[in-house]
Amino acid sequence: MENNDGVSVGFSQEQTQALASSYPPGATADSPDSWYEYVAVIDCRPPNTPDQPRLEICGFAVSYCEENVPDSYGPRSWIYRRTADGSGPTSAWAEVAPTCYTDSVPVRSGEPSVALTEAMIIEQFHRTDFALPRLVVQPPDGRTLVNLPVFFELGWPEAGYGPDEVDTTTIVGHEVRIRPTLVGATYVTGDGGAIGPTTSLGGGYPDGDITHEYTGAADLSPYISVQYGGQVSVDGGSWRPIPGTATIDGPGTPLQVLTSTNRLYDN
């Protein structure tokens with residue numbers, strides 16, 4: 001197969017998918033006494049092999065498909081196959097052809113590949129172990145006075161995945177990297193008020209720009225609600241946005257609001 005510029009790009013998507021209907025001599029779909037097993041080896045050799053097909057994801061394999069087959073997921077991979085039967089493999093791995101339609105390579109004869117879909121990526125995004133936003137309050141001892149500015153700050157814990165941290169998983173044979181982004185944070189003050197959504201992380205006295213004054217004595221639990229967006233990279237490809245967002249509420253921070261009384265004393 002060649003693209004519009006005459007560059008040989010290997011098997012088309014149709015040719016790659018058609019491998020699922022191919023059987024060794026003497027075997028058929030109705031009599032599958034033996035079959036072919038397939039694997040897509042990313043074209044970064046060495047060190048990638050059929051036994052370690054994704055050990056390395058190189059820039060060449062990614063950019064080749066992006067530039068020459070832009071409608072494919074890539075990365076450029078070599079298709080290998082071997083024969084097998086009920087006792088196990090009966091031949092060594094052998095090259096078939098290169099392809100940029102890595103997600104269309106079947107596992108074996110008679111079993112079409114399971115394509116990585118946007119719905120799978122979105123589902124995995126919502127399964128991400130997002131970092132719970134932690135509210136840092138100043139004054140720092142959990143006590144403040146009415147009508148005194150309280151400074152709020154968003155802190156990220158070590159646990160979970162916060163903005164720009166990468167969660168890596170495998171979905172239907174593809175390496176999927178998900179990178180959360182901060183869409184906005186809402187500082188819920190605990191007395192019925194809220195500040196945001198905003199991308200400000202706040203801060204302490206005197207430069208913090210997220211402040212609130214309480215007008216009455218109370219025991220409260222203000223917290224931060226974060227709206228996460230996300231980006232995804234498949235098999236080392238470029239980052240692209242994930243549709244939708246996820247809203248995560250952080251834990252409450254105990255805060256006691258006290259009143260003060262001015263008294264005059266005679267000396």
# chains A, B, ... in the order shown; residues from 1 in each chain; ligands from 1

$ residues_around --residues "range 162-174 of chain A" --least-positions-apart "4" --cutoff "8 Å" --atoms "only C-alpha atoms" --output "PyMOL selection string"
chain A and resi 103+114-116+120+128+130-131+156+178-182+228+234-235

$ write_last_selection --atoms "N, CA, C and O atoms" --output "PDB file, in the first residue's frame"
ATOM      1  N   ASP A 103      -3.744  -1.117  15.822  1.00  0.00           N
ATOM      2  CA  ASP A 103      -4.909  -1.538  16.592  1.00  0.00           C
ATOM      3  C   ASP A 103      -5.792  -2.511  15.846  1.00  0.00           C
ATOM      4  O   ASP A 103      -6.744  -3.041  16.414  1.00  0.00           O
ATOM      5  N   VAL A 114      -9.663  -6.280  18.727  1.00  0.00           N
ATOM      6  CA  VAL A 114     -10.545  -5.375  19.456  1.00  0.00           C
ATOM      7  C   VAL A 114      -9.934  -3.989  19.359  1.00  0.00           C
ATOM      8  O   VAL A 114      -8.838  -3.747  19.867  1.00  0.00           O
ATOM      9  N   ALA A 115     -10.598  -3.093  18.680  1.00  0.00           N
ATOM     10  CA  ALA A 115     -10.044  -1.761  18.443  1.00  0.00           C
ATOM     11  C   ALA A 115     -10.124  -0.917  19.709  1.00  0.00           C
ATOM     12  O   ALA A 115     -11.082  -1.018  20.490  1.00  0.00           O
ATOM     13  N   LEU A 116      -9.102  -0.121  19.914  1.00  0.00           N
ATOM     14  CA  LEU A 116      -9.113   0.849  21.001  1.00  0.00           C
ATOM     15  C   LEU A 116     -10.013   2.006  20.584  1.00  0.00           C
ATOM     16  O   LEU A 116      -9.772   2.663  19.579  1.00  0.00           O
ATOM     17  N   MET A 120     -13.424   3.764  25.291  1.00  0.00           N
ATOM     18  CA  MET A 120     -12.543   3.067  26.227  1.00  0.00           C
ATOM     19  C   MET A 120     -11.624   4.046  26.929  1.00  0.00           C
ATOM     20  O   MET A 120     -11.367   3.939  28.136  1.00  0.00           O
ATOM     21  N   THR A 128      -9.320   7.003  36.593  1.00  0.00           N
ATOM     22  CA  THR A 128      -8.033   7.491  37.089  1.00  0.00           C
ATOM     23  C   THR A 128      -8.103   7.763  38.592  1.00  0.00           C
ATOM     24  O   THR A 128      -9.099   8.293  39.101  1.00  0.00           O
ATOM     25  N   PHE A 130      -7.444  10.033  40.728  1.00  0.00           N
ATOM     26  CA  PHE A 130      -7.103  11.443  40.800  1.00  0.00           C
ATOM     27  C   PHE A 130      -6.644  11.825  42.211  1.00  0.00           C
ATOM     28  O   PHE A 130      -7.164  11.317  43.210  1.00  0.00           O
ATOM     29  N   ALA A 131      -5.697  12.749  42.269  1.00  0.00           N
ATOM     30  CA  ALA A 131      -5.272  13.287  43.564  1.00  0.00           C
ATOM     31  C   ALA A 131      -6.404  14.103  44.172  1.00  0.00           C
ATOM     32  O   ALA A 131      -7.047  14.906  43.487  1.00  0.00           O
ATOM     33  N   TRP A 156      -1.519  19.725  46.646  1.00  0.00           N
ATOM     34  CA  TRP A 156      -1.661  18.410  46.010  1.00  0.00           C
ATOM     35  C   TRP A 156      -0.949  17.366  46.861  1.00  0.00           C
ATOM     36  O   TRP A 156       0.232  17.498  47.152  1.00  0.00           O
ATOM     37  N   ILE A 178      -2.469   8.650  30.445  1.00  0.00           N
ATOM     38  CA  ILE A 178      -3.461   9.687  30.729  1.00  0.00           C
ATOM     39  C   ILE A 178      -2.824  10.719  31.654  1.00  0.00           C
ATOM     40  O   ILE A 178      -2.253  10.372  32.690  1.00  0.00           O
ATOM     41  N   ARG A 179      -2.919  11.977  31.241  1.00  0.00           N
ATOM     42  CA  ARG A 179      -2.322  13.077  31.999  1.00  0.00           C
ATOM     43  C   ARG A 179      -3.423  14.052  32.411  1.00  0.00           C
ATOM     44  O   ARG A 179      -3.961  14.776  31.575  1.00  0.00           O
ATOM     45  N   PRO A 180      -3.776  14.083  33.707  1.00  0.00           N
ATOM     46  CA  PRO A 180      -4.816  15.023  34.161  1.00  0.00           C
ATOM     47  C   PRO A 180      -4.376  16.472  33.983  1.00  0.00           C
ATOM     48  O   PRO A 180      -3.188  16.797  34.065  1.00  0.00           O
ATOM     49  N   THR A 181      -5.340  17.335  33.753  1.00  0.00           N
ATOM     50  CA  THR A 181      -5.113  18.780  33.684  1.00  0.00           C
ATOM     51  C   THR A 181      -6.106  19.472  34.613  1.00  0.00           C
ATOM     52  O   THR A 181      -7.182  18.945  34.895  1.00  0.00           O
ATOM     53  N   LEU A 182      -5.737  20.652  35.084  1.00  0.00           N
ATOM     54  CA  LEU A 182      -6.617  21.414  35.968  1.00  0.00           C
ATOM     55  C   LEU A 182      -7.491  22.336  35.129  1.00  0.00           C
ATOM     56  O   LEU A 182      -6.996  23.265  34.496  1.00  0.00           O
ATOM     57  N   TYR A 228     -11.232  18.210  36.796  1.00  0.00           N
ATOM     58  CA  TYR A 228     -10.096  17.719  36.021  1.00  0.00           C
ATOM     59  C   TYR A 228     -10.488  17.563  34.551  1.00  0.00           C
ATOM     60  O   TYR A 228     -11.572  17.052  34.231  1.00  0.00           O
ATOM     61  N   VAL A 234      -1.400   7.568  23.069  1.00  0.00           N
ATOM     62  CA  VAL A 234      -1.533   6.144  22.790  1.00  0.00           C
ATOM     63  C   VAL A 234      -0.261   5.644  22.113  1.00  0.00           C
ATOM     64  O   VAL A 234       0.163   6.192  21.101  1.00  0.00           O
ATOM     65  N   ASP A 235       0.343   4.624  22.700  1.00  0.00           N
ATOM     66  CA  ASP A 235       1.552   4.003  22.151  1.00  0.00           C
ATOM     67  C   ASP A 235       2.644   5.026  21.860  1.00  0.00           C
ATOM     68  O   ASP A 235       3.314   4.960  20.823  1.00  0.00           O
TER      69      ASP A 235
END

$ residues_around --residues "Thr49 in chain A" --least-positions-apart "6" --cutoff "10 Å" --atoms "only C-alpha atoms" --output "PDB file with all heavy atoms, in the first residue's frame"
ATOM      1  N   VAL A  39       1.247 -10.844  16.270  1.00  0.00           N
ATOM      2  CA  VAL A  39       1.674  -9.817  17.208  1.00  0.00           C
ATOM      3  C   VAL A  39       2.199  -8.632  16.405  1.00  0.00           C
ATOM      4  O   VAL A  39       2.798  -8.818  15.342  1.00  0.00           O
ATOM      5  CB  VAL A  39       2.751 -10.344  18.187  1.00  0.00           C
ATOM      6  CG1 VAL A  39       4.035 -10.711  17.461  1.00  0.00           C
ATOM      7  CG2 VAL A  39       3.033  -9.321  19.279  1.00  0.00           C
ATOM      8  N   ALA A  40       1.927  -7.424  16.887  1.00  0.00           N
ATOM      9  CA  ALA A  40       2.423  -6.202  16.251  1.00  0.00           C
ATOM     10  C   ALA A  40       3.634  -5.710  17.033  1.00  0.00           C
ATOM     11  O   ALA A  40       3.520  -5.376  18.221  1.00  0.00           O
ATOM     12  CB  ALA A  40       1.339  -5.135  16.227  1.00  0.00           C
ATOM     13  N   VAL A  41       4.795  -5.684  16.397  1.00  0.00           N
ATOM     14  CA  VAL A  41       6.045  -5.286  17.031  1.00  0.00           C
ATOM     15  C   VAL A  41       6.389  -3.869  16.580  1.00  0.00           C
ATOM     16  O   VAL A  41       6.602  -3.625  15.388  1.00  0.00           O
ATOM     17  CB  VAL A  41       7.188  -6.255  16.671  1.00  0.00           C
ATOM     18  CG1 VAL A  41       8.495  -5.807  17.321  1.00  0.00           C
ATOM     19  CG2 VAL A  41       6.832  -7.671  17.091  1.00  0.00           C
ATOM     20  N   ILE A  42       6.415  -2.934  17.504  1.00  0.00           N
ATOM     21  CA  ILE A  42       6.697  -1.546  17.153  1.00  0.00           C
ATOM     22  C   ILE A  42       8.058  -1.453  16.479  1.00  0.00           C
ATOM     23  O   ILE A  42       9.039  -2.041  16.935  1.00  0.00           O
ATOM     24  CB  ILE A  42       6.636  -0.648  18.394  1.00  0.00           C
ATOM     25  CG1 ILE A  42       5.216  -0.677  18.989  1.00  0.00           C
ATOM     26  CG2 ILE A  42       7.027   0.785  18.072  1.00  0.00           C
ATOM     27  CD1 ILE A  42       5.067   0.103  20.269  1.00  0.00           C
ATOM     28  N   ASP A  43       8.096  -0.723  15.367  1.00  0.00           N
ATOM     29  CA  ASP A  43       9.275  -0.691  14.495  1.00  0.00           C
ATOM     30  C   ASP A  43      10.390   0.168  15.102  1.00  0.00           C
ATOM     31  O   ASP A  43      10.735   1.228  14.589  1.00  0.00           O
ATOM     32  CB  ASP A  43       8.876  -0.163  13.116  1.00  0.00           C
ATOM     33  CG  ASP A  43       9.971  -0.398  12.081  1.00  0.00           C
ATOM     34  OD1 ASP A  43      10.971  -1.066  12.417  1.00  0.00           O
ATOM     35  OD2 ASP A  43       9.833   0.097  10.945  1.00  0.00           O
ATOM     36  N   LEU A  55       8.804  -2.899  24.096  1.00  0.00           N
ATOM     37  CA  LEU A  55       9.888  -2.554  25.013  1.00  0.00           C
ATOM     38  C   LEU A  55      10.332  -1.105  24.808  1.00  0.00           C
ATOM     39  O   LEU A  55      10.686  -0.412  25.748  1.00  0.00           O
ATOM     40  CB  LEU A  55      11.065  -3.507  24.814  1.00  0.00           C
ATOM     41  CG  LEU A  55      12.249  -3.353  25.768  1.00  0.00           C
ATOM     42  CD1 LEU A  55      11.804  -3.588  27.204  1.00  0.00           C
ATOM     43  CD2 LEU A  55      13.368  -4.326  25.394  1.00  0.00           C
ATOM     44  N   GLU A  56      10.289  -0.640  23.578  1.00  0.00           N
ATOM     45  CA  GLU A  56      10.686   0.733  23.270  1.00  0.00           C
ATOM     46  C   GLU A  56       9.713   1.330  22.266  1.00  0.00           C
ATOM     47  O   GLU A  56       9.281   0.659  21.324  1.00  0.00           O
ATOM     48  CB  GLU A  56      12.102   0.770  22.692  1.00  0.00           C
ATOM     49  CG  GLU A  56      12.582   2.167  22.329  1.00  0.00           C
ATOM     50  CD  GLU A  56      14.001   2.176  21.801  1.00  0.00           C
ATOM     51  OE1 GLU A  56      14.798   1.330  22.240  1.00  0.00           O
ATOM     52  OE2 GLU A  56      14.308   3.023  20.953  1.00  0.00           O
ATOM     53  N   TRP A  78       5.729  -3.852  12.772  1.00  0.00           N
ATOM     54  CA  TRP A  78       5.832  -5.021  11.917  1.00  0.00           C
ATOM     55  C   TRP A  78       4.910  -6.102  12.463  1.00  0.00           C
ATOM     56  O   TRP A  78       4.910  -6.387  13.660  1.00  0.00           O
ATOM     57  CB  TRP A  78       7.269  -5.536  11.864  1.00  0.00           C
ATOM     58  CG  TRP A  78       8.081  -4.824  10.831  1.00  0.00           C
ATOM     59  CD1 TRP A  78       8.817  -3.692  11.001  1.00  0.00           C
ATOM     60  CD2 TRP A  78       8.195  -5.187   9.459  1.00  0.00           C
ATOM     61  NE1 TRP A  78       9.388  -3.311   9.814  1.00  0.00           N
ATOM     62  CE2 TRP A  78       9.028  -4.216   8.838  1.00  0.00           C
ATOM     63  CE3 TRP A  78       7.685  -6.224   8.676  1.00  0.00           C
ATOM     64  CZ2 TRP A  78       9.356  -4.260   7.498  1.00  0.00           C
ATOM     65  CZ3 TRP A  78       8.011  -6.274   7.340  1.00  0.00           C
ATOM     66  CH2 TRP A  78       8.840  -5.306   6.746  1.00  0.00           C
ATOM     67  N   TYR A  80       4.054  -9.864  12.917  1.00  0.00           N
ATOM     68  CA  TYR A  80       4.656 -11.202  12.930  1.00  0.00           C
ATOM     69  C   TYR A  80       3.543 -12.224  13.109  1.00  0.00           C
ATOM     70  O   TYR A  80       2.505 -11.942  13.716  1.00  0.00           O
ATOM     71  CB  TYR A  80       5.628 -11.343  14.103  1.00  0.00           C
ATOM     72  CG  TYR A  80       6.991 -10.711  13.914  1.00  0.00           C
ATOM     73  CD1 TYR A  80       7.143  -9.332  13.986  1.00  0.00           C
ATOM     74  CD2 TYR A  80       8.113 -11.497  13.679  1.00  0.00           C
ATOM     75  CE1 TYR A  80       8.392  -8.743  13.828  1.00  0.00           C
ATOM     76  CE2 TYR A  80       9.366 -10.919  13.527  1.00  0.00           C
ATOM     77  CZ  TYR A  80       9.501  -9.542  13.600  1.00  0.00           C
ATOM     78  OH  TYR A  80      10.737  -8.973  13.453  1.00  0.00           O
ATOM     79  N   TRP A  93       8.289 -17.278  15.018  1.00  0.00           N
ATOM     80  CA  TRP A  93       7.698 -16.045  14.520  1.00  0.00           C
ATOM     81  C   TRP A  93       8.336 -15.669  13.181  1.00  0.00           C
ATOM     82  O   TRP A  93       9.544 -15.785  13.004  1.00  0.00           O
ATOM     83  CB  TRP A  93       7.917 -14.902  15.502  1.00  0.00           C
ATOM     84  CG  TRP A  93       7.134 -14.974  16.775  1.00  0.00           C
ATOM     85  CD1 TRP A  93       7.612 -15.251  18.015  1.00  0.00           C
ATOM     86  CD2 TRP A  93       5.724 -14.754  16.922  1.00  0.00           C
ATOM     87  NE1 TRP A  93       6.596 -15.224  18.948  1.00  0.00           N
ATOM     88  CE2 TRP A  93       5.423 -14.915  18.307  1.00  0.00           C
ATOM     89  CE3 TRP A  93       4.698 -14.438  16.043  1.00  0.00           C
ATOM     90  CZ2 TRP A  93       4.145 -14.769  18.816  1.00  0.00           C
ATOM     91  CZ3 TRP A  93       3.412 -14.293  16.557  1.00  0.00           C
ATOM     92  CH2 TRP A  93       3.143 -14.454  17.915  1.00  0.00           C
TER      93      TRP A  93
END

$ select_by_dssp --residues "range 86-265 of chain A" --states "strand (DSSP E)" --output "PyMOL selection string"
chain A and resi 88-89+94-99+134-138+143-145+150-155+167-171+174-188+194-198+211-212+218-220+223-234+240-241+246-249+255-258

$ residues_around --residues "Ala84 in chain A" --least-positions-apart "2" --cutoff "8 Å" --atoms "only C-alpha atoms" --output "list in words"
Ser34, Trp35, Tyr36, Glu37, Arg82, Gly86, Ser87, Gly88, Pro89, Thr90 and Ser91 of chain A

$ write_last_selection --atoms "N, CA and C atoms" --output "PDB file, in the first residue's frame"
ATOM      1  N   SER A  34      -5.614 -25.872  13.158  1.00  0.00           N
ATOM      2  CA  SER A  34      -4.453 -25.036  13.460  1.00  0.00           C
ATOM      3  C   SER A  34      -4.804 -23.602  13.085  1.00  0.00           C
ATOM      4  N   TRP A  35      -3.987 -22.668  13.492  1.00  0.00           N
ATOM      5  CA  TRP A  35      -4.291 -21.255  13.251  1.00  0.00           C
ATOM      6  C   TRP A  35      -3.004 -20.446  13.302  1.00  0.00           C
ATOM      7  N   TYR A  36      -3.126 -19.210  12.888  1.00  0.00           N
ATOM      8  CA  TYR A  36      -2.015 -18.274  13.009  1.00  0.00           C
ATOM      9  C   TYR A  36      -2.207 -17.428  14.272  1.00  0.00           C
ATOM     10  N   GLU A  37      -1.119 -17.183  14.961  1.00  0.00           N
ATOM     11  CA  GLU A  37      -1.090 -16.201  16.033  1.00  0.00           C
ATOM     12  C   GLU A  37      -0.321 -14.986  15.540  1.00  0.00           C
ATOM     13  N   ARG A  82       2.921 -16.749  13.685  1.00  0.00           N
ATOM     14  CA  ARG A  82       3.427 -18.102  13.821  1.00  0.00           C
ATOM     15  C   ARG A  82       2.241 -19.040  13.807  1.00  0.00           C
ATOM     16  N   GLY A  86      -3.617 -27.018  19.143  1.00  0.00           N
ATOM     17  CA  GLY A  86      -4.010 -27.261  20.516  1.00  0.00           C
ATOM     18  C   GLY A  86      -2.857 -27.563  21.445  1.00  0.00           C
ATOM     19  N   SER A  87      -1.713 -27.952  20.897  1.00  0.00           N
ATOM     20  CA  SER A  87      -0.553 -28.275  21.730  1.00  0.00           C
ATOM     21  C   SER A  87       0.341 -27.069  21.968  1.00  0.00           C
ATOM     22  N   GLY A  88       0.066 -25.965  21.261  1.00  0.00           N
ATOM     23  CA  GLY A  88       0.882 -24.764  21.414  1.00  0.00           C
ATOM     24  C   GLY A  88       1.478 -24.330  20.095  1.00  0.00           C
ATOM     25  N   PRO A  89       2.441 -23.397  20.105  1.00  0.00           N
ATOM     26  CA  PRO A  89       3.071 -22.933  18.854  1.00  0.00           C
ATOM     27  C   PRO A  89       3.787 -24.072  18.142  1.00  0.00           C
ATOM     28  N   THR A  90       3.696 -24.058  16.811  1.00  0.00           N
ATOM     29  CA  THR A  90       4.340 -25.102  16.006  1.00  0.00           C
ATOM     30  C   THR A  90       5.343 -24.522  15.031  1.00  0.00           C
ATOM     31  N   SER A  91       5.584 -23.215  15.079  1.00  0.00           N
ATOM     32  CA  SER A  91       6.599 -22.597  14.230  1.00  0.00           C
ATOM     33  C   SER A  91       7.158 -21.371  14.936  1.00  0.00           C
TER      34      SER A  91
END

$ atom_distance --atom1 "CA of Phe125 in chain A" --atom2 "CA of Glu111 in chain A"
27.4 Å

$ residues_around --residues "Thr99 in chain A" --least-positions-apart "5" --cutoff "6 Å" --atoms "only C-alpha atoms" --output "list in words"
Gly10, Phe11, Arg76 and Ser77 of chain A

$ write_last_selection --atoms "C-alpha atoms" --output "PDB file, in the first residue's frame"
ATOM      1  CA  GLY A  10       2.642  -1.331   4.474  1.00  0.00           C
ATOM      2  CA  PHE A  11      -0.697  -3.033   5.011  1.00  0.00           C
ATOM      3  CA  ARG A  76       4.424   1.902  12.710  1.00  0.00           C
ATOM      4  CA  SER A  77       4.780  -1.782  13.556  1.00  0.00           C
TER       5      SER A  77
END

$ residues_around --residues "Asp249 in chain A" --least-positions-apart "6" --cutoff "9 Å" --atoms "only C-alpha atoms" --output "PDB file with N, CA and C atoms, in the first residue's frame"
ATOM      1  N   LEU A 132      -6.671  13.880  45.444  1.00  0.00           N
ATOM      2  CA  LEU A 132      -7.718  14.630  46.139  1.00  0.00           C
ATOM      3  C   LEU A 132      -7.169  16.007  46.530  1.00  0.00           C
ATOM      4  N   PRO A 133      -7.788  17.083  46.079  1.00  0.00           N
ATOM      5  CA  PRO A 133      -7.276  18.419  46.410  1.00  0.00           C
ATOM      6  C   PRO A 133      -7.348  18.668  47.911  1.00  0.00           C
ATOM      7  N   TYR A 223     -13.717  23.015  51.943  1.00  0.00           N
ATOM      8  CA  TYR A 223     -12.987  22.052  51.112  1.00  0.00           C
ATOM      9  C   TYR A 223     -12.846  22.614  49.695  1.00  0.00           C
ATOM     10  N   ILE A 224     -12.127  21.889  48.862  1.00  0.00           N
ATOM     11  CA  ILE A 224     -11.926  22.291  47.468  1.00  0.00           C
ATOM     12  C   ILE A 224     -12.509  21.224  46.556  1.00  0.00           C
ATOM     13  N   SER A 225     -13.245  21.665  45.549  1.00  0.00           N
ATOM     14  CA  SER A 225     -13.752  20.781  44.498  1.00  0.00           C
ATOM     15  C   SER A 225     -13.001  21.103  43.214  1.00  0.00           C
ATOM     16  N   VAL A 226     -12.353  20.100  42.644  1.00  0.00           N
ATOM     17  CA  VAL A 226     -11.530  20.296  41.448  1.00  0.00           C
ATOM     18  C   VAL A 226     -12.193  19.664  40.237  1.00  0.00           C
ATOM     19  N   GLN A 227     -12.180  20.391  39.138  1.00  0.00           N
ATOM     20  CA  GLN A 227     -12.640  19.848  37.861  1.00  0.00           C
ATOM     21  C   GLN A 227     -11.407  19.507  37.029  1.00  0.00           C
TER      22      GLN A 227
END
